[in-house]
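Encoded as structure tokens, the structure appears first; notes follow it.
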Amino acid sequence: MEWAHGVGSGSDLPIPASTAILGATAALTISFAVLVLAWSKPRYQDDASAPAAQRHRDRPAPAVLARLVDSRAFAVALRVVGLAVLAFAVVCVVAGEDDTSTNPVFGLVYVVLWVGLVPASLLLGPAVRAVSPARTLRDLLVRLLPAERRDGVVRLPDAVGYWPAAVGLVAFTWLELVSPNGTVLATVATWFVGYFVVMVGGGLLFGERWFERADPFEVYSTLVAHLSPWSRDGTGRLVVVSPLRHLPRVVVRPGLVAVVGVLLGSTAFDSFRDSATWVRFRQDHPDSITLWETLLLVAACALVTAVFAAATAAPTPARGVARRDVPGLLAHSVVPIVVGYMTAHYLTLFVETGQLTLIQASDPLGTGANLFGTADRNVDIWLSTHPTLLASIKVLAIVLGHLVGVVAAHDRALRLLPKGRHDTGQLPLLLVMVAFTFGGLYLIFGL
Amino acid sequence: MRIKRSVLPGLALSLVLVAGACAGPDEDDDTGATGTDPTSASTPSDAPTDEASEPSASGAPSEATSPAEVTSEPAEEPSESEAPAGPTLDITIEGDDISPNAEELELGTGEPLTLVITSDRAGELHVHSKPEQYVEFDAGTSEHELVVETPGEVEVEEHDSDAVVALIEVS
């Protein structure tokens, strides 16, 4: 069986026009309200440079929880889980059938990993970092080296920033959305062999910092985790924090704008390529379609990145802020928009194909096994049978993401813009955010 | 401060205008990229041949899949039926030539769609509904009934060629 896009069967109805208009109106109103009525002094400024006193509103997590999370046994257990899932996937690749309808490895990659990392990071914090088998493999290999070489032998230049992760994200979305063989075992396996070589090799060469800058899944997960209630204060203590205070703590490095641009651009491309017009174009140009879609994917990511950078670089910043640093300092505000859009785009896939993956995982090799007791279950499509509820959730997710994004951007802009230009200076950024939200609603509205 | 307040409504207006202007190029981009002519893409399939229009005379067996049984073989029903009254989709398969090219249809949940398939070989349609449905067909002209119970966008794909013949919006 062929699955047209990554995995999953069928897709949701476009959201009704009335719901889309409601969402768009809400987005505009929120934007104006924030611009005109909102606070005029920064409230959430809390990036790395902020004094520790500003973090006084962080509440320590319950002691029992902190002890558990900080225990070595817990950390090791998570790493073992990560390695076990990797081992399971390897067995599925080596011994399983090359068929999306029976082999769970496709669902593991495109649903559990790619989509699942969003809710996992949102609820639990930087989940990929905690389980990443690439990190574990590197940590195991590093023990073979002399102590002074264990944290890398070459210093990764700071200018590299998140750029490797941005490239990795394009590579993964290309595999998922463009590659004609994205649901062929050999292709998926080859991609991940490359991933592990680059990750583990880079980890040995540059040390641990490589993973937090280059691993596409970890960088994505850690960004989303800045909307979770779990953080660490200056002393490393586990604290409970409001997502609005947490978000500005995203570590700004070169390439951050590109990372959020790829996340948003690739999802927009995914929505667009499902449109009837594009399906017809694809079938009319079977020989050149991979080239077209590659160009379009890269163009979508580049366009979102460039538009955001242009709109935020426009105003003259306050004294002490370099103009070219402004886009990066505002990029965290796109993260909630990404999460809102991902929720709208992937909710049914996650719930329904996620169930299918669990069902397949019980009998990964088609031997009649029932490893986890789920082999005989059926996919519950309750969500799909309630299209109004589904459309409402989607619009709500996009609008909520927009709201948090606009608030985060406004709060940061107060510090970046000179006094007296707080209103006008924010306009281009606000405009871009409204455009992103409209774009998201428009694509999910159905072309 | 006073000046700024009075400027704000103007700014608001220009924001709306620019937002509109922003949406414009995007749309243009999209349609530009999809390019080609939607008219040629959605050419109606060739009208079914004479045999097709007289299903009762030819006595071609009609196969219907029940949406409840996902993987079950289609139940065979003798087609002594009269001409189909509801929506119809004509599919023509000649070698690698498969039409229509992703025709867009709208269908109610539970509303039967009549598929009239004219093919030079036996094959199978994959209906990417929830749950999946499969429509097997033989060479020649045959008539099948398709019912989708779950709302959503449903792709109908010819299995051997992976060609999407229809996109059904079931609501």
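All residue names refer to the structure tokens as shown: chains lettered A, B, ... in order, residues numbered from 1 in each chain, ligands numbered from 1 in order.
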TODO: Check every residue of chain B for an atom within 6 Å of chain A, counting only C-alpha atoms, and provide those that qualify as a ChimeraX atom specification.
DONE: /B:34,101-102,128-129,150,152-154
| task | Extract, using only C-alpha atoms, all DNA, RNA and protein residues at most 12 Å from A:Glu218, discarding same-chain residues fewer than 2 positions from it, and format them as JSON, numbers by chain. | result | {"A": [113, 114, 117, 118, 120, 121, 125, 126, 127, 128, 129, 130, 131, 132, 133, 134, 135, 162, 164, 165, 166, 168, 169, 199, 209, 210, 211, 212, 213, 214, 215, 216, 220, 221, 222, 223, 224, 225, 259]}
Report the residues of stretch 195-240 of chain A whose backbone DSSP state falls under strand (DSSP E or B), written as a PDB file with N, CA and C atoms, in the first residue's frame.
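As written to disk, result_11.pdb reads:
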```
ATOM      1  N   TRP A 230       8.171  23.480  32.933  1.00  0.00           N
ATOM      2  CA  TRP A 230       9.353  22.982  33.642  1.00  0.00           C
ATOM      3  C   TRP A 230      10.606  23.699  33.192  1.00  0.00           C
ATOM      4  N   SER A 231      11.316  24.293  34.124  1.00  0.00           N
ATOM      5  CA  SER A 231      12.554  24.959  33.765  1.00  0.00           C
ATOM      6  C   SER A 231      13.581  24.722  34.881  1.00  0.00           C
ATOM      7  N   ARG A 232      14.756  25.319  34.693  1.00  0.00           N
ATOM      8  CA  ARG A 232      15.812  25.249  35.722  1.00  0.00           C
ATOM      9  C   ARG A 232      16.192  26.678  36.064  1.00  0.00           C
ATOM     10  N   LEU A 238      15.182  22.483  39.670  1.00  0.00           N
ATOM     11  CA  LEU A 238      13.970  22.315  38.867  1.00  0.00           C
ATOM     12  C   LEU A 238      12.897  23.266  39.382  1.00  0.00           C
ATOM     13  N   VAL A 239      12.347  24.093  38.476  1.00  0.00           N
ATOM     14  CA  VAL A 239      11.333  25.057  38.902  1.00  0.00           C
ATOM     15  C   VAL A 239      10.101  24.955  38.004  1.00  0.00           C
ATOM     16  N   VAL A 240       8.976  25.407  38.573  1.00  0.00           N
ATOM     17  CA  VAL A 240       7.746  25.493  37.809  1.00  0.00           C
ATOM     18  C   VAL A 240       7.588  26.946  37.371  1.00  0.00           C
TER      19      VAL A 240
END
```
As a list of chain:residue names, please: every residue in stretch 375-409 of chain A that DSSP puts in alpha helix (DSSP H).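 Those in stretch 375-409 of chain A that DSSP calls alpha helix (DSSP H) are A:Pro387, A:Thr388, A:Leu389, A:Leu390, A:Ala391, A:Ser392, A:Ile393, A:Lys394, A:Val395, A:Leu396, A:Ala397, A:Ile398, A:Val399, A:Leu400, A:Gly401, A:His402, A:Leu403, A:Val404, A:Gly405, A:Val406, A:Val407, A:Ala408, A:Ala409.
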Next on the checklist: Rounded to one decimal, what separation in Å do you get between atom CA of A:Leu108 and atom CA of A:Ala75?
Outcome noted: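 So the two atoms, atom CA of A:Leu108 and atom CA of A:Ala75, lie 22.0 Å apart.
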Quiz prompt | Closest of A:Ala361, A:Val404, A:Val241, A:Ala17 to A:Ile30 - atom-to-atom distances counting only C-alpha atoms | solution =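 Of A:Ala361, A:Val404, A:Val241, A:Ala17, the one nearest A:Ile30 is A:Val404, counting only C-alpha atoms.
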Using only C-alpha atoms, which residues sit within 8 Å of A:Pro327 once same-chain residues fewer than 2 positions away are excluded, as a VMD selection string? chain A and resid 257 308 to 309 312 to 313 324 to 325 329 to 331
TODO: Would you mind reading off the distance between atom CA of A:Val76 and atom CA of A:Leu140, one decimal, in Å?
DONE: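 Between atom CA of A:Val76 and atom CA of A:Leu140 the gap works out to 12.0 Å.
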* To do: Can you work out the spacing between atom CA of A:Val93 and atom CA of A:Leu137 in Å, to one decimal?
  =>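 If I compute the distance from atom CA of A:Val93 to atom CA of A:Leu137, I get 19.1 Å.
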Margin query: Env of B:Thr114: 7 Å cut, atoms = only C-alpha atoms, seq-sep filter 3 positions within chain, self excluded. Answer as a list in words.
Written below: Pro84, Pro87, Thr88, Leu89, Glu143, His144, Glu145 and Leu146 of chain B
With distances taken over only C-alpha atoms, the candidate from B:Gly140, B:Gly123, B:Pro131, B:Pro151 nearest B:Thr109 is B:Pro151
Subject >> Counting only C-alpha atoms, the residue of B:Asp160, B:Glu111, B:Glu136, B:Ile117 that sits nearest B:Gly95 >> reply: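 Going through B:Asp160, B:Glu111, B:Glu136, B:Ile117 one by one, the smallest distance to B:Gly95 is for B:Asp160.
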| message | Let me make sure I understand: among A:Leu441, A:Ala95, A:Leu263, A:Ala268, which one has the smallest atom-to-atom distance to A:Leu185 if we use only C-alpha atoms? | response |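 Among A:Leu441, A:Ala95, A:Leu263, A:Ala268, it is A:Ala95 that comes nearest to A:Leu185.
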Neighbours of B:Val148 within 10 Å (only C-alpha atoms; same-chain residues fewer than 6 positions away dropped), as a PDB file with C-alpha atoms, in the first residue's frame?
```pdb
ATOM      1  CA  THR B  65     -17.699  -2.506  -0.392  1.00  0.00           C
ATOM      2  CA  SER B  66     -19.185  -2.065   2.979  1.00  0.00           C
ATOM      3  CA  PRO B  67     -17.468   0.715   4.875  1.00  0.00           C
ATOM      4  CA  ALA B  68     -17.691  -1.313   8.051  1.00  0.00           C
ATOM      5  CA  LEU B 107     -20.255  13.730  -0.973  1.00  0.00           C
ATOM      6  CA  GLY B 108     -22.333  13.397   2.146  1.00  0.00           C
ATOM      7  CA  THR B 109     -21.428  10.834   4.775  1.00  0.00           C
ATOM      8  CA  GLY B 110     -23.252   7.638   3.983  1.00  0.00           C
ATOM      9  CA  GLU B 111     -24.215   8.884   0.527  1.00  0.00           C
ATOM     10  CA  PRO B 112     -23.446   6.274  -2.109  1.00  0.00           C
ATOM     11  CA  LEU B 113     -21.141   7.232  -4.974  1.00  0.00           C
ATOM     12  CA  VAL B 127      -9.990   4.599  -1.052  1.00  0.00           C
ATOM     13  CA  HIS B 128      -8.113   6.439   1.687  1.00  0.00           C
ATOM     14  CA  SER B 129     -11.083   6.886   3.931  1.00  0.00           C
ATOM     15  CA  LYS B 130     -11.222   6.019   7.594  1.00  0.00           C
ATOM     16  CA  PRO B 131     -11.169   3.091   7.596  1.00  0.00           C
ATOM     17  CA  GLU B 132      -9.502   2.324   4.281  1.00  0.00           C
ATOM     18  CA  GLN B 133     -11.585   0.705   1.572  1.00  0.00           C
ATOM     19  CA  VAL B 154     -10.655  11.143   0.840  1.00  0.00           C
ATOM     20  CA  ILE B 168     -13.706  13.480  -2.317  1.00  0.00           C
ATOM     21  CA  VAL B 170     -17.027  13.946   2.568  1.00  0.00           C
ATOM     22  CA  SER B 171     -19.054  16.036   4.974  1.00  0.00           C
TER      23      SER B 171
END
```
